[in-house]
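Notes for the one structure printed next.
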Amino acid sequence: QVQLVESGGGLVQAGGSLRLSCAASRSIFTINAMGWYRQAPGKQRELVAAITSSGRTNYADSVKGRFTIDRDNAKNTVYLQMNSLKPEDTGVYYCNAKIVVITSTQYWGQGTQVTVSS
């Protein structure tokens, strides 16, 4: 099991930046992949960015070139740097961890609100 705690959300104007943090309760070396998802009101939760234990990254097309996911193994923390924010980036951002031991199990944080005003 793993517990995930997000922080760093808030209110920002369009064009601004925010950095989200996700602290894991265990070594992230033991987690196959970690990612950030977001859910806007009335919409389904969608993948924003993900990073594997080997450091490979994957981004939604809508955030490529603006968002960066990275990790600090010593702190067991994954970050999402969000630049050039747009109102459509507004939503609750959730940290996700995927652990594969024969089968895959996913864990979620409690979410952090990001609001981008126009």
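Quick note on naming: the chains in the structure tokens go A, B, ... in the order shown, residues restart at 1 in each chain, and ligands are numbered from 1 in order of appearance.
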For this session: List the neighbours of region 37-51 of chain A out to 6 Å using only C-alpha atoms; skip same-chain residues closer than 2 positions along the sequence, and give me the result as a ChimeraX atom specification.
Result: /A:33-35,55-60,91-94
Problem set entry | Distance query Gly9 (chain A) at most 6 Å, only C-alpha atoms, self and fewer than 4 positions along chain excluded, as a count of residues only | 3
Can you tell me, as a tab-separated table (two decimals) with all heavy atoms, in the first residue's frame, what residues are no more than 12 Å from region 103-106 of chain A when counting only C-alpha atoms, ignoring any on the same chain fewer than 2 positions away?
chain	number	residue	atom	x	y	z
A	1	GLN	N	0.83	-1.20	0.00
A	1	GLN	CA	0.00	0.00	0.00
A	1	GLN	C	0.86	1.24	0.00
A	1	GLN	O	2.04	1.21	0.35
A	1	GLN	CB	-0.90	0.02	1.23
A	1	GLN	CG	-2.10	-0.88	1.13
A	1	GLN	CD	-3.12	-0.58	2.22
A	1	GLN	OE1	-2.76	-0.07	3.28
A	1	GLN	NE2	-4.37	-0.90	1.96
A	2	VAL	N	0.24	2.35	-0.38
A	2	VAL	CA	0.93	3.63	-0.35
A	2	VAL	C	-0.09	4.73	-0.11
A	2	VAL	O	-1.21	4.67	-0.63
A	2	VAL	CB	1.72	3.88	-1.65
A	2	VAL	CG1	0.80	3.87	-2.86
A	2	VAL	CG2	2.52	5.16	-1.58
A	3	GLN	N	0.27	5.68	0.71
A	3	GLN	CA	-0.55	6.87	0.91
A	3	GLN	C	0.08	8.02	0.14
A	3	GLN	O	1.32	8.16	0.11
A	3	GLN	CB	-0.65	7.23	2.40
A	3	GLN	CG	-1.61	6.35	3.20
A	3	GLN	CD	-1.02	4.97	3.48
A	3	GLN	OE1	0.11	4.86	3.93
A	3	GLN	NE2	-1.79	3.93	3.22
A	4	LEU	N	-0.76	8.81	-0.47
A	4	LEU	CA	-0.31	9.94	-1.30
A	4	LEU	C	-0.92	11.22	-0.76
A	4	LEU	O	-2.14	11.28	-0.51
A	4	LEU	CB	-0.74	9.73	-2.75
A	4	LEU	CG	-0.30	8.42	-3.40
A	4	LEU	CD1	-0.99	8.23	-4.75
A	4	LEU	CD2	1.22	8.39	-3.57
A	31	ILE	N	7.43	1.96	-6.76
A	31	ILE	CA	6.17	2.27	-7.44
A	31	ILE	C	6.43	2.29	-8.94
A	31	ILE	O	7.30	3.03	-9.40
A	31	ILE	CB	5.61	3.62	-6.96
A	31	ILE	CG1	5.34	3.56	-5.44
A	31	ILE	CG2	4.35	3.97	-7.73
A	31	ILE	CD1	4.94	4.90	-4.85
A	32	ASN	N	5.68	1.50	-9.68
A	32	ASN	CA	5.97	1.35	-11.12
A	32	ASN	C	5.75	2.65	-11.90
A	32	ASN	O	6.51	2.97	-12.80
A	32	ASN	CB	5.10	0.24	-11.70
A	32	ASN	CG	5.43	-1.10	-11.09
A	32	ASN	OD1	4.90	-1.45	-10.05
A	32	ASN	ND2	6.34	-1.84	-11.70
A	33	ALA	N	4.72	3.37	-11.55
A	33	ALA	CA	4.45	4.63	-12.24
A	33	ALA	C	3.66	5.55	-11.33
A	33	ALA	O	2.84	5.08	-10.53
A	33	ALA	CB	3.68	4.39	-13.53
A	34	MET	N	3.92	6.83	-11.46
A	34	MET	CA	3.14	7.83	-10.73
A	34	MET	C	2.67	8.87	-11.73
A	34	MET	O	3.33	9.14	-12.73
A	34	MET	CB	3.98	8.48	-9.63
A	34	MET	CG	4.36	7.49	-8.53
A	34	MET	SD	5.14	8.26	-7.12
A	34	MET	CE	3.76	9.16	-6.40
A	35	GLY	N	1.53	9.44	-11.44
A	35	GLY	CA	0.99	10.39	-12.39
A	35	GLY	C	0.06	11.40	-11.75
A	35	GLY	O	-0.26	11.29	-10.55
A	95	CYS	N	-3.12	12.90	-7.45
A	95	CYS	CA	-1.91	12.11	-7.61
A	95	CYS	C	-2.30	10.64	-7.66
A	95	CYS	O	-3.19	10.19	-6.92
A	95	CYS	CB	-0.96	12.38	-6.46
A	95	CYS	SG	0.62	11.51	-6.58
A	96	ASN	N	-1.62	9.90	-8.51
A	96	ASN	CA	-1.91	8.48	-8.71
A	96	ASN	C	-0.62	7.68	-8.65
A	96	ASN	O	0.41	8.13	-9.15
A	96	ASN	CB	-2.59	8.29	-10.06
A	96	ASN	CG	-2.75	6.84	-10.46
A	96	ASN	OD1	-1.85	6.24	-11.04
A	96	ASN	ND2	-3.89	6.27	-10.13
A	97	ALA	N	-0.71	6.52	-8.03
A	97	ALA	CA	0.43	5.60	-8.00
A	97	ALA	C	-0.04	4.23	-8.47
A	97	ALA	O	-1.11	3.76	-8.05
A	97	ALA	CB	1.00	5.49	-6.60
A	98	LYS	N	0.74	3.62	-9.33
A	98	LYS	CA	0.40	2.30	-9.85
A	98	LYS	C	1.50	1.32	-9.44
A	98	LYS	O	2.67	1.53	-9.74
A	98	LYS	CB	0.28	2.33	-11.36
A	98	LYS	CG	-0.15	1.00	-11.97
A	98	LYS	CD	-0.21	1.09	-13.49
A	98	LYS	CE	-1.23	2.07	-13.96
A	98	LYS	NZ	-1.35	2.11	-15.44
A	99	ILE	N	1.09	0.27	-8.74
A	99	ILE	CA	2.03	-0.75	-8.29
A	99	ILE	C	1.64	-2.07	-8.92
A	99	ILE	O	0.48	-2.51	-8.79
A	99	ILE	CB	2.04	-0.85	-6.75
A	99	ILE	CG1	2.47	0.49	-6.15
A	99	ILE	CG2	2.96	-1.97	-6.30
A	99	ILE	CD1	2.40	0.56	-4.64
A	100	VAL	N	2.59	-2.67	-9.61
A	100	VAL	CA	2.32	-3.93	-10.30
A	100	VAL	C	3.07	-5.05	-9.61
A	100	VAL	O	4.30	-5.09	-9.61
A	100	VAL	CB	2.74	-3.85	-11.78
A	100	VAL	CG1	2.44	-5.17	-12.48
A	100	VAL	CG2	2.02	-2.70	-12.48
A	101	VAL	N	2.30	-5.96	-8.99
A	101	VAL	CA	2.84	-7.19	-8.43
A	101	VAL	C	1.89	-8.29	-8.90
A	101	VAL	O	0.86	-8.53	-8.28
A	101	VAL	CB	2.92	-7.14	-6.89
A	101	VAL	CG1	3.50	-8.46	-6.36
A	101	VAL	CG2	3.74	-5.95	-6.42
A	108	TRP	N	-4.79	6.57	-4.93
A	108	TRP	CA	-5.09	7.96	-5.23
A	108	TRP	C	-4.89	8.83	-4.00
A	108	TRP	O	-5.16	8.41	-2.86
A	108	TRP	CB	-6.54	8.10	-5.69
A	108	TRP	CG	-6.84	7.39	-6.97
A	108	TRP	CD1	-7.30	6.12	-7.11
A	108	TRP	CD2	-6.67	7.92	-8.29
A	108	TRP	NE1	-7.42	5.81	-8.45
A	108	TRP	CE2	-7.05	6.90	-9.20
A	108	TRP	CE3	-6.24	9.14	-8.80
A	108	TRP	CZ2	-7.03	7.07	-10.58
A	108	TRP	CZ3	-6.21	9.31	-10.17
A	108	TRP	CH2	-6.61	8.30	-11.05
A	109	GLY	N	-4.47	10.06	-4.25
A	109	GLY	CA	-4.45	11.05	-3.20
A	109	GLY	C	-5.83	11.68	-3.06
A	109	GLY	O	-6.77	11.31	-3.76
Problem set entry | For Ser17 (chain A): contacts at 10 Å, only C-alpha atoms, fewer than 3 positions along chain excluded, given as a list in words |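 The residues satisfying every condition are Leu11, Val12, Gln13, Ala14, Arg66, Phe67, Gln81, Met82, Asn83, Ser84, Leu85, Lys86 and Val116 of chain A.
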Give me a file of those residues, with N, CA, C and O atoms, as a PDB file, in the first residue's frame.
ATOM      1  N   LEU A  11      -5.349  29.317  -6.469  1.00  0.00           N
ATOM      2  CA  LEU A  11      -5.955  30.197  -7.476  1.00  0.00           C
ATOM      3  C   LEU A  11      -4.852  30.991  -8.146  1.00  0.00           C
ATOM      4  O   LEU A  11      -4.012  31.597  -7.464  1.00  0.00           O
ATOM      5  N   VAL A  12      -4.870  31.007  -9.460  1.00  0.00           N
ATOM      6  CA  VAL A  12      -3.849  31.718 -10.222  1.00  0.00           C
ATOM      7  C   VAL A  12      -4.491  32.327 -11.454  1.00  0.00           C
ATOM      8  O   VAL A  12      -5.491  31.804 -11.974  1.00  0.00           O
ATOM      9  N   GLN A  13      -3.932  33.417 -11.920  1.00  0.00           N
ATOM     10  CA  GLN A  13      -4.426  34.033 -13.140  1.00  0.00           C
ATOM     11  C   GLN A  13      -3.903  33.299 -14.367  1.00  0.00           C
ATOM     12  O   GLN A  13      -2.839  32.664 -14.320  1.00  0.00           O
ATOM     13  N   ALA A  14      -4.636  33.405 -15.450  1.00  0.00           N
ATOM     14  CA  ALA A  14      -4.191  32.806 -16.704  1.00  0.00           C
ATOM     15  C   ALA A  14      -2.796  33.316 -17.055  1.00  0.00           C
ATOM     16  O   ALA A  14      -2.492  34.512 -16.885  1.00  0.00           O
ATOM     17  N   ARG A  66       3.909  22.845 -21.665  1.00  0.00           N
ATOM     18  CA  ARG A  66       3.565  23.757 -20.571  1.00  0.00           C
ATOM     19  C   ARG A  66       3.778  23.125 -19.199  1.00  0.00           C
ATOM     20  O   ARG A  66       4.136  23.811 -18.244  1.00  0.00           O
ATOM     21  N   PHE A  67       3.535  21.837 -19.092  1.00  0.00           N
ATOM     22  CA  PHE A  67       3.647  21.124 -17.816  1.00  0.00           C
ATOM     23  C   PHE A  67       4.863  20.200 -17.848  1.00  0.00           C
ATOM     24  O   PHE A  67       5.206  19.642 -18.893  1.00  0.00           O
ATOM     25  N   GLN A  81       5.069  20.696 -12.444  1.00  0.00           N
ATOM     26  CA  GLN A  81       5.267  22.123 -12.684  1.00  0.00           C
ATOM     27  C   GLN A  81       4.337  22.548 -13.810  1.00  0.00           C
ATOM     28  O   GLN A  81       4.408  21.991 -14.910  1.00  0.00           O
ATOM     29  N   MET A  82       3.487  23.499 -13.525  1.00  0.00           N
ATOM     30  CA  MET A  82       2.484  23.931 -14.498  1.00  0.00           C
ATOM     31  C   MET A  82       2.743  25.393 -14.840  1.00  0.00           C
ATOM     32  O   MET A  82       2.642  26.263 -13.962  1.00  0.00           O
ATOM     33  N   ASN A  83       3.081  25.643 -16.093  1.00  0.00           N
ATOM     34  CA  ASN A  83       3.346  26.996 -16.578  1.00  0.00           C
ATOM     35  C   ASN A  83       2.315  27.379 -17.629  1.00  0.00           C
ATOM     36  O   ASN A  83       1.630  26.524 -18.184  1.00  0.00           O
ATOM     37  N   SER A  84       2.231  28.656 -17.886  1.00  0.00           N
ATOM     38  CA  SER A  84       1.301  29.172 -18.905  1.00  0.00           C
ATOM     39  C   SER A  84      -0.099  28.605 -18.710  1.00  0.00           C
ATOM     40  O   SER A  84      -0.730  28.116 -19.654  1.00  0.00           O
ATOM     41  N   LEU A  85      -0.569  28.679 -17.496  1.00  0.00           N
ATOM     42  CA  LEU A  85      -1.854  28.066 -17.161  1.00  0.00           C
ATOM     43  C   LEU A  85      -3.000  28.757 -17.878  1.00  0.00           C
ATOM     44  O   LEU A  85      -2.982  29.977 -18.122  1.00  0.00           O
ATOM     45  N   LYS A  86      -3.985  27.948 -18.230  1.00  0.00           N
ATOM     46  CA  LYS A  86      -5.172  28.418 -18.943  1.00  0.00           C
ATOM     47  C   LYS A  86      -6.411  28.120 -18.088  1.00  0.00           C
ATOM     48  O   LYS A  86      -6.390  27.190 -17.274  1.00  0.00           O
ATOM     49  N   VAL A 116      -7.851  28.455 -12.385  1.00  0.00           N
ATOM     50  CA  VAL A 116      -7.177  29.438 -13.223  1.00  0.00           C
ATOM     51  C   VAL A 116      -8.218  30.448 -13.694  1.00  0.00           C
ATOM     52  O   VAL A 116      -9.174  30.090 -14.384  1.00  0.00           O
TER      53      VAL A 116
END
Exercise. In Å, with one decimal, what is the gap from CA of Ser117 (chain A) to CA of Ala23 (chain A)?
Worked result: 27.0 Å
